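Shown next: upload-v9.txt, given as compact mmCIF, C-alpha atoms.
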```
# COMPACT_ATOMS: atom_id res chain seq x y z
CA MET W 1 16.35 178.25 175.13
CA LYS W 2 18.23 180.33 177.67
CA ARG W 3 20.34 183.20 176.37
CA ARG W 4 23.61 181.72 177.74
CA GLU W 5 22.91 178.32 176.15
CA PHE W 6 22.09 179.97 172.83
CA ILE W 7 25.33 181.96 172.79
CA THR W 8 27.35 178.84 173.64
CA LEU W 9 25.69 176.89 170.83
CA LEU W 10 26.21 179.74 168.39
CA GLY W 11 29.89 180.04 169.35
CA GLY W 12 30.42 176.34 168.86
CA ALA W 13 28.79 176.43 165.41
CA ALA W 14 31.04 179.30 164.36
CA THR W 15 34.09 177.11 164.89
CA TRP W 16 32.83 174.25 162.73
CA PRO W 17 34.11 175.57 159.37
CA LEU W 18 37.49 176.36 160.93
CA ALA W 19 37.77 172.88 162.36
CA ALA W 20 36.76 171.35 159.05
CA ARG W 21 39.36 173.41 157.21
CA ALA W 22 42.03 172.44 159.71
CA GLN W 23 41.31 168.78 159.09
CA GLN W 24 41.59 169.06 155.30
CA PRO W 25 44.90 167.78 153.91
CA ALA W 26 47.33 170.43 152.69
CA VAL W 27 47.67 170.84 148.92
CA PRO W 28 50.97 169.23 147.81
CA VAL W 29 53.57 171.62 146.41
CA ILE W 30 55.78 170.69 143.45
CA GLY W 31 59.13 172.43 143.13
CA PHE W 32 60.03 173.21 139.49
CA LEU W 33 63.71 174.06 138.93
CA GLU W 34 64.73 175.48 135.53
CA THR W 35 67.69 177.28 133.99
CA ARG W 36 65.65 179.30 131.50
CA SER W 37 62.97 181.97 131.80
CA PRO W 38 59.31 180.86 131.64
CA GLU W 39 58.55 182.61 128.35
CA THR W 40 61.11 180.44 126.54
CA ILE W 41 59.41 177.13 127.46
CA THR W 42 55.70 178.04 127.38
CA GLU W 43 54.64 175.05 125.29
CA ARG W 44 56.70 172.66 127.40
CA LEU W 45 55.12 173.93 130.61
CA ARG W 46 51.71 173.37 129.06
CA ALA W 47 52.71 169.78 128.28
CA PHE W 48 53.99 169.27 131.83
CA ARG W 49 50.67 170.41 133.25
CA GLN W 50 48.90 168.09 130.80
CA GLY W 51 50.89 165.17 132.19
CA LEU W 52 49.85 166.14 135.69
CA LYS W 53 46.23 166.37 134.58
CA GLU W 54 46.39 162.86 133.12
CA THR W 55 47.14 161.60 136.63
CA GLY W 56 44.43 163.68 138.28
CA TYR W 57 46.30 166.83 139.33
CA VAL W 58 45.50 170.38 138.26
CA GLU W 59 47.59 173.38 139.25
CA GLY W 60 45.59 175.79 141.41
CA GLU W 61 43.03 173.14 142.33
CA ASN W 62 44.63 170.17 144.07
CA ILE W 63 48.34 170.98 143.65
CA ALA W 64 50.56 174.05 143.72
CA ILE W 65 53.82 174.57 141.79
CA ASP W 66 56.70 176.63 143.14
CA TYR W 67 58.73 177.74 140.11
CA ARG W 68 62.41 178.67 140.41
CA TRP W 69 64.03 180.17 137.29
CA ALA W 70 67.82 180.21 137.64
CA GLU W 71 68.81 181.75 134.25
CA GLN W 72 72.40 181.50 135.57
CA MET W 73 73.95 178.12 136.37
CA GLU W 74 75.60 179.52 139.51
CA ARG W 75 72.19 180.03 141.14
CA LEU W 76 71.06 176.41 140.84
CA PRO W 77 72.39 175.15 144.22
CA GLU W 78 70.84 178.09 146.05
CA LEU W 79 67.43 177.63 144.40
CA ALA W 80 67.46 173.87 144.94
CA ALA W 81 68.19 174.44 148.63
CA GLU W 82 65.24 176.85 148.84
CA LEU W 83 62.89 174.18 147.49
CA VAL W 84 64.22 171.68 150.03
CA ARG W 85 63.71 174.13 152.89
CA ARG W 86 60.14 174.63 151.73
CA GLN W 87 59.70 170.84 152.00
CA VAL W 88 58.08 170.45 148.58
CA ALA W 89 56.58 167.03 147.79
CA VAL W 90 58.54 166.53 144.54
CA ILE W 91 61.25 168.46 142.71
CA VAL W 92 61.14 168.57 138.90
CA THR W 93 64.35 169.55 137.14
CA ALA W 94 64.59 170.75 133.56
CA GLY W 95 67.40 172.21 131.52
CA GLY W 96 70.03 169.50 131.75
CA PHE W 97 72.41 167.77 134.11
CA ALA W 98 73.43 170.85 136.07
CA THR W 99 69.86 171.28 137.28
CA ALA W 100 69.42 167.61 138.16
CA LEU W 101 72.75 167.45 139.97
CA ALA W 102 71.95 170.59 141.97
CA ALA W 103 68.72 168.99 143.18
CA LYS W 104 70.48 165.70 143.90
CA ASP W 105 73.10 167.47 146.01
CA ALA W 106 70.37 169.32 147.93
CA THR W 107 68.35 166.30 149.12
CA THR W 108 68.47 162.54 149.46
CA THR W 109 64.85 162.21 150.59
CA ILE W 110 62.59 164.43 148.46
CA PRO W 111 61.67 162.67 145.17
CA ILE W 112 63.26 164.23 142.07
CA VAL W 113 62.04 163.84 138.48
CA PHE W 114 64.59 164.89 135.85
CA GLY W 115 64.81 165.33 132.10
CA VAL W 116 68.38 164.94 130.84
CA SER W 117 70.01 164.62 127.44
CA ASP W 118 72.41 161.78 128.14
CA ASP W 119 72.75 158.53 130.12
CA PRO W 120 71.88 159.35 133.77
CA VAL W 121 73.73 156.25 135.00
CA LYS W 122 76.98 157.48 133.48
CA HIS W 123 76.56 160.84 135.20
CA GLY W 124 75.75 159.36 138.61
CA LEU W 125 72.08 160.32 138.88
CA VAL W 126 70.73 156.76 139.18
CA ALA W 127 72.07 153.26 139.80
CA SER W 128 70.44 151.81 136.69
CA LEU W 129 67.78 152.72 134.15
CA ALA W 130 65.46 149.88 135.18
CA ARG W 131 65.92 150.32 138.95
CA PRO W 132 67.06 153.87 139.75
CA GLY W 133 67.49 152.91 143.39
CA GLY W 134 67.43 156.33 145.08
CA ASN W 135 65.22 159.40 145.18
CA LEU W 136 65.68 160.27 141.47
CA THR W 137 64.08 159.08 138.26
CA GLY W 138 62.98 160.71 135.02
CA ILE W 139 63.49 160.82 131.28
CA ASN W 140 66.65 160.35 129.17
CA LEU W 141 66.13 162.41 126.01
CA LEU W 142 68.98 160.59 124.19
CA SER W 143 69.93 163.97 122.69
CA THR W 144 73.69 163.56 122.83
CA GLU W 145 73.43 159.94 121.64
CA LEU W 146 71.76 161.29 118.48
CA THR W 147 74.78 163.45 117.59
CA ALA W 148 76.05 161.01 114.95
CA LYS W 149 72.61 160.82 113.34
CA ARG W 150 72.39 164.62 113.20
CA LEU W 151 75.77 164.77 111.48
CA GLU W 152 74.63 162.20 108.92
CA LEU W 153 71.52 164.27 108.19
CA LEU W 154 73.65 167.40 107.84
CA ARG W 155 75.88 165.58 105.35
CA GLU W 156 72.79 164.64 103.35
CA MET W 157 71.56 168.25 103.45
CA LEU W 158 74.98 169.69 102.51
CA PRO W 159 76.77 167.12 100.33
CA ARG W 160 79.64 169.51 99.49
CA ALA W 161 80.29 170.77 103.04
CA SER W 162 83.62 170.04 104.69
CA ARG W 163 84.21 172.48 107.60
CA ILE W 164 81.70 172.43 110.45
CA ALA W 165 81.79 174.75 113.48
CA VAL W 166 80.55 172.99 116.62
CA LEU W 167 79.19 175.36 119.27
CA VAL W 168 79.18 174.01 122.85
CA ASN W 169 78.55 175.48 126.29
CA PRO W 170 81.61 174.91 128.53
CA ALA W 171 79.51 175.55 131.65
CA ASN W 172 77.47 172.43 130.93
CA THR W 173 80.30 169.96 131.46
CA GLY W 174 78.34 166.72 131.12
CA ASN W 175 76.63 167.57 127.84
CA THR W 176 79.73 169.19 126.38
CA GLN W 177 82.05 166.25 127.08
CA THR W 178 79.61 163.80 125.52
CA THR W 179 79.00 166.03 122.49
CA LEU W 180 82.71 166.47 121.87
CA ARG W 181 83.34 162.75 122.13
CA GLU W 182 80.51 162.04 119.66
CA VAL W 183 81.43 164.69 117.08
CA GLU W 184 85.12 163.78 117.16
CA ALA W 185 84.19 160.19 116.38
CA ALA W 186 81.30 160.72 113.96
CA GLY W 187 82.40 163.89 112.15
CA PRO W 188 85.39 162.47 110.25
CA ALA W 189 83.39 159.34 109.47
CA VAL W 190 81.03 161.43 107.31
CA GLY W 191 83.80 163.63 105.90
CA PHE W 192 83.59 166.69 108.17
CA GLN W 193 86.45 168.68 109.69
CA MET W 194 85.19 169.83 113.09
CA GLN W 195 86.08 173.16 114.72
CA ILE W 196 85.04 173.33 118.38
CA VAL W 197 83.95 176.75 119.68
CA ASN W 198 82.91 177.52 123.28
CA ALA W 199 80.01 179.85 124.05
CA GLY W 200 78.52 179.96 127.53
CA THR W 201 77.22 183.54 127.55
CA SER W 202 75.31 185.83 125.22
CA HIS W 203 78.48 187.83 124.59
CA ALA W 204 80.38 184.64 123.77
CA ILE W 205 77.76 183.78 121.14
CA ASP W 206 78.30 187.20 119.53
CA THR W 207 82.05 186.62 119.56
CA ALA W 208 81.70 183.12 118.08
CA PHE W 209 79.65 184.36 115.13
CA ALA W 210 82.13 187.17 114.53
CA VAL W 211 84.75 184.43 114.14
CA PHE W 212 82.44 182.47 111.83
CA ALA W 213 81.94 185.57 109.69
CA ARG W 214 85.69 185.72 109.09
CA GLU W 215 86.44 182.00 108.76
CA ARG W 216 83.25 180.99 106.90
CA PRO W 217 82.55 177.42 108.04
CA ASP W 218 80.08 175.51 105.85
CA ALA W 219 77.62 175.07 108.72
CA VAL W 220 77.12 175.56 112.46
CA PHE W 221 76.32 172.49 114.56
CA LEU W 222 74.83 173.33 117.96
CA GLY W 223 75.59 171.09 120.90
CA GLN W 224 72.56 170.03 122.93
CA ASP W 225 72.14 172.61 125.67
CA ALA W 226 69.30 174.40 127.42
CA PHE W 227 71.27 177.64 127.28
CA PHE W 228 71.27 177.58 123.47
CA ASN W 229 67.56 176.90 123.45
CA GLY W 230 67.02 179.97 125.63
CA ARG W 231 69.17 182.04 123.23
CA ARG W 232 67.60 180.66 120.06
CA LEU W 233 66.54 184.03 118.63
CA GLN W 234 70.05 185.41 119.03
CA LEU W 235 71.52 182.31 117.38
CA ALA W 236 69.02 182.34 114.51
CA ASN W 237 69.54 186.05 113.87
CA TRP W 238 73.31 185.66 113.65
CA ALA W 239 73.02 182.58 111.43
CA ALA W 240 70.69 184.47 109.07
CA ARG W 241 72.89 187.58 109.04
CA HIS W 242 75.95 185.56 108.01
CA ALA W 243 74.04 183.11 105.77
CA LEU W 244 75.17 180.10 107.79
CA PRO W 245 73.19 176.84 107.79
CA MET W 246 72.59 175.90 111.43
CA THR W 247 71.44 172.53 112.75
CA SER W 248 70.51 171.45 116.26
CA GLY W 249 68.59 168.93 118.30
CA SER W 250 65.93 171.50 119.20
CA ARG W 251 62.70 172.02 117.31
CA ASP W 252 62.42 175.45 118.98
CA ILE W 253 65.64 176.64 117.31
CA CYS W 254 64.50 175.34 113.93
CA GLU W 255 61.16 177.12 114.28
CA VAL W 256 62.82 180.54 114.63
CA GLY W 257 65.23 180.13 111.71
CA GLY W 258 67.54 177.19 112.20
CA LEU W 259 67.87 175.10 109.04
CA MET W 260 67.19 171.68 110.51
CA SER W 261 66.71 169.82 113.79
CA TYR W 262 66.57 166.19 114.79
CA GLY W 263 65.81 164.95 118.27
CA SER W 264 63.29 163.59 120.69
CA ASN W 265 59.89 165.23 120.91
CA ILE W 266 60.79 167.49 123.83
CA VAL W 267 57.22 168.63 124.42
CA ASP W 268 56.13 165.04 125.00
CA VAL W 269 59.11 164.53 127.34
CA TYR W 270 57.74 167.29 129.59
CA ARG W 271 54.35 165.57 129.52
CA GLN W 272 56.04 162.33 130.61
CA GLU W 273 57.68 164.20 133.49
CA GLY W 274 54.26 165.44 134.58
CA VAL W 275 52.91 161.89 134.54
CA TYR W 276 55.80 160.66 136.70
CA VAL W 277 55.24 163.47 139.21
CA GLY W 278 51.57 162.50 139.44
CA ARG W 279 52.46 158.86 140.03
CA ILE W 280 54.87 159.83 142.81
CA LEU W 281 52.23 162.02 144.45
CA LYS W 282 49.96 158.97 144.43
CA GLY W 283 52.56 156.94 146.31
CA ALA W 284 55.01 155.52 143.76
CA LYS W 285 58.69 155.61 144.74
CA PRO W 286 61.34 157.02 142.35
CA ALA W 287 63.55 154.01 143.14
CA ASP W 288 60.94 151.76 141.52
CA LEU W 289 60.10 153.94 138.49
CA PRO W 290 62.39 153.09 135.54
CA VAL W 291 64.05 155.93 133.67
CA GLN W 292 61.95 156.46 130.56
CA LEU W 293 63.19 156.91 127.00
CA PRO W 294 61.51 159.10 124.35
CA THR W 295 58.88 157.43 122.21
CA ALA W 296 59.13 159.86 119.27
CA PHE W 297 61.97 161.49 117.32
CA ASP W 298 61.29 164.36 114.95
CA LEU W 299 63.15 165.58 111.88
CA ILE W 300 62.18 169.20 111.25
CA ILE W 301 63.31 171.14 108.16
CA ASN W 302 62.84 174.88 107.80
CA LEU W 303 62.26 175.21 104.06
CA GLN W 304 61.95 178.97 104.35
CA THR W 305 65.48 179.14 105.78
CA ALA W 306 66.78 176.77 103.11
CA LYS W 307 65.40 179.04 100.38
CA ALA W 308 66.95 182.11 102.02
CA LEU W 309 70.30 180.31 102.02
CA GLY W 310 69.91 179.28 98.39
CA LEU W 311 69.83 175.58 99.30
CA THR W 312 67.88 172.87 97.55
CA VAL W 313 66.73 170.31 100.09
CA PRO W 314 67.17 166.76 98.73
CA PRO W 315 63.75 165.20 98.00
CA THR W 316 64.75 162.09 99.97
CA LEU W 317 65.31 164.25 103.05
CA LEU W 318 62.04 166.12 102.59
CA ALA W 319 60.20 162.82 102.31
CA ARG W 320 61.55 161.67 105.68
CA ALA W 321 60.85 164.93 107.50
CA ASP W 322 58.21 164.83 110.22
CA GLU W 323 57.52 168.50 109.64
CA VAL W 324 58.50 171.04 106.99
CA ILE W 325 58.29 174.72 107.96
CA GLU W 326 57.34 176.78 104.92
```
As C-alpha cells, how would this structure be written, given the file I've shared?
Amino acid sequence: MKRREFITLLGGAATWPLAARAQQPAVPVIGFLETRSPETITERLRAFRQGLKETGYVEGENIAIDYRWAEQMERLPELAAELVRRQVAVIVTAGGFATALAAKDATTTIPIVFGVSDDPVKHGLVASLARPGGNLTGINLLSTELTAKRLELLREMLPRASRIAVLVNPANTGNTQTTLREVEAAGPAVGFQMQIVNAGTSHAIDTAFAVFARERPDAVFLGQDAFFNGRRLQLANWAARHALPMTSGSRDICEVGGLMSYGSNIVDVYRQEGVYVGRILKGAKPADLPVQLPTAFDLIINLQTAKALGLTVPPTLLARADEVIE
C-alpha cells in the first residue's frame, strides 16, 4: 500500500468513533424543581429515582437530572424559566402548588409532572383528573382533603383538648385557603376552638411558638406545607421545649418529634412521579395521563413523644396506627 493511501485510510478510521458518537441520541434531561434543600427530602429523591428505574431509566446512565432548589418561593419563576431555556424533556415539580404554577407559567409545551396536596382542577393546573388536557399531569396527595380526618384523630388522642393553634404558611396561598376552609368547618364539629397563626419564615415560627408559650393552646395543628416539612426540626424542638402536642400530615415531622401524623404515603407519591416521567419519556402525553391519587394513607404515632408529654395514647388509636415510633 502506498504511503499516501495508508495515511488517508488511517485518517478516515480515526473519524469513525467521532461519527458514531455524533449519531448517538442525546441523553434526555429531566428538570427537577423544588422549594426545599436536597438534604431534607433524601428518601423521597430515592423513591423518585426508583420510579424512573421501574420504567427503564437510571440517572447517570440513560438520563440526566437538572436539580433546581429554590428554598425561597420568590425564586421559583426564575428557576422554572432556566429549565425551559435549557429545553429539558420533562419538568418535575415538588413542594406544592407554587412550584407547579411556576412551571405552568413558564411553558405550555414541555411536559410537567406535579405532586400537589389539593385538587389540581380547582387550582387551574388541569382541565379534569381523568383527562388533564394540557402539558401537565401528576399526583394529588389529598393532603388538605384529609384535614377533617386529622382533626378527628387529634380529638381521639386528646379527648379533653379545646383550644387548637393552627399554623399555616401565608405564602402558600392555595394550601392555606383550603386548610382554613377545612379547619373552620371541621374544628367546631369535633369541639375545637381554632386559633389561626401565620408563619412563612423561620423567624415567624419562632414568634408563633413564643405566643403559644404564653397562651398555652392544647395542641398545634400544622397546615400541609412543604415549608413546614423543611423546618421540621425547628418545629419539633419548639414543640418539645414548650410541651405542646403537635400533629401534621407529614411522617417526616412525626419522625423528628411530632406527636402524630396522618396522610398519604409521600415517599410512594414521589415514586409514582418517577413512573409518570418515565412513561412520558417513552412517548406518553401528559394530556392523556390521568391525575393519580395516593394508594396508601399512614397513621404514625410517636410514642416516645407521647411519653415525654405525659400522654396515654388510647389503645384503639394504637391499634389503628400503621407505625408506632418508640
For the contact check between range 71-179 of chain W and range 220-237 of chain W, emit one row per residue of range 71-179 of chain W within 7 Å, containing the shortest atom pair and the distance in Å rounded to one decimal, counting only C-alpha atoms, chain then rising number order, as CSV.
```
residue,atom,partner,partner_atom,distance
W:Gly95,CA,W:Ala226,CA,5.0
W:Gly96,CA,W:Ala226,CA,6.6
W:Ser143,CA,W:Gln224,CA,6.6
W:Thr144,CA,W:Gln224,CA,6.6
W:Ile164,CA,W:Val220,CA,5.9
W:Ala165,CA,W:Val220,CA,4.8
W:Val166,CA,W:Phe221,CA,4.7
W:Leu167,CA,W:Leu222,CA,5.0
W:Val168,CA,W:Gly223,CA,5.0
W:Asn175,CA,W:Gln224,CA,6.8
W:Thr179,CA,W:Gly223,CA,6.3
```
I want to know what sits within 8 Å of range 261-267 of chain W, based on only C-alpha atoms, with residues of the same chain fewer than 2 positions away left out; could you give that as a PyMOL selection string? chain W and resi 43-44+47+141-143+146+150+247-251+253-254+258-259+269-271+294-301
One decimal, Å: what's the distance from CA of Glu82 in chain W over to CA of Asp66 in chain W, could you say? 10.3 Å
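Of note, CA of Gly133 in chain W and CA of Ser117 in chain W are spaced 19.9 Å apart.
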Among the residues W:Met194, W:Leu45, W:Pro28, W:Asp288, the one that comes closest to Asp268 in chain W [using all atoms listed in the file]: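 Among the listed residues, W:Leu45 lies closest to Asp268 in chain W.
Nearest-residue note for Gln193 in chain W: choosing from W:Thr147, W:Gln50, W:Ser162, W:Gln177, the minimum distance belongs to W:Ser162, counting only C-alpha atoms.
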Ala106 in chain W proximity check over W:Asn198, W:Met260, W:Ala80, W:Gly134, using only C-alpha atoms: winner is W:Ala80
Write out as a list of chain:residue names which residues come within 8 Å of range 111-113 of chain W when counting only C-alpha atoms, dropping same-chain ones fewer than 2 positions away.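 In the requested form, the answer reads W:Ala89, W:Val90, W:Ile91, W:Val92, W:Thr93, W:Ala103, W:Lys104, W:Thr109, W:Gly115, W:Asn135, W:Leu136, W:Thr137, W:Gly138, W:Ile139, W:Glu273, W:Tyr276, W:Val277, W:Ile280, W:Lys285, W:Pro286.
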With C-alpha atoms kept, could you save the residues just selected as a PDB file, in the frame of the given file?
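Saved file part-v6.pdb follows:
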```pdb
ATOM      1  CA  ALA W  89      56.580 167.030 147.790  1.00  0.00           C
ATOM      2  CA  VAL W  90      58.540 166.530 144.540  1.00  0.00           C
ATOM      3  CA  ILE W  91      61.250 168.460 142.710  1.00  0.00           C
ATOM      4  CA  VAL W  92      61.140 168.570 138.900  1.00  0.00           C
ATOM      5  CA  THR W  93      64.350 169.550 137.140  1.00  0.00           C
ATOM      6  CA  ALA W 103      68.720 168.990 143.180  1.00  0.00           C
ATOM      7  CA  LYS W 104      70.480 165.700 143.900  1.00  0.00           C
ATOM      8  CA  THR W 109      64.850 162.210 150.590  1.00  0.00           C
ATOM      9  CA  GLY W 115      64.810 165.330 132.100  1.00  0.00           C
ATOM     10  CA  ASN W 135      65.220 159.400 145.180  1.00  0.00           C
ATOM     11  CA  LEU W 136      65.680 160.270 141.470  1.00  0.00           C
ATOM     12  CA  THR W 137      64.080 159.080 138.260  1.00  0.00           C
ATOM     13  CA  GLY W 138      62.980 160.710 135.020  1.00  0.00           C
ATOM     14  CA  ILE W 139      63.490 160.820 131.280  1.00  0.00           C
ATOM     15  CA  GLU W 273      57.680 164.200 133.490  1.00  0.00           C
ATOM     16  CA  TYR W 276      55.800 160.660 136.700  1.00  0.00           C
ATOM     17  CA  VAL W 277      55.240 163.470 139.210  1.00  0.00           C
ATOM     18  CA  ILE W 280      54.870 159.830 142.810  1.00  0.00           C
ATOM     19  CA  LYS W 285      58.690 155.610 144.740  1.00  0.00           C
ATOM     20  CA  PRO W 286      61.340 157.020 142.350  1.00  0.00           C
TER      21      PRO W 286
END
```
For CA of His242 in chain W and CA of Met157 in chain W, quote the distance in Å rounded to one decimal.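 Distance reported for this atom pair: 18.4 Å.
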For Leu318 in chain W, which residue among W:Glu156, W:Glu61, W:Ile30, W:Asp252 is the nearest when counting only C-alpha atoms? W:Glu156
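Among the candidates W:Arg320, W:Arg75, W:His203, W:Arg49, the residue lying nearest to Leu33 in chain W is W:Arg75 (atoms considered: all atoms listed in the file).
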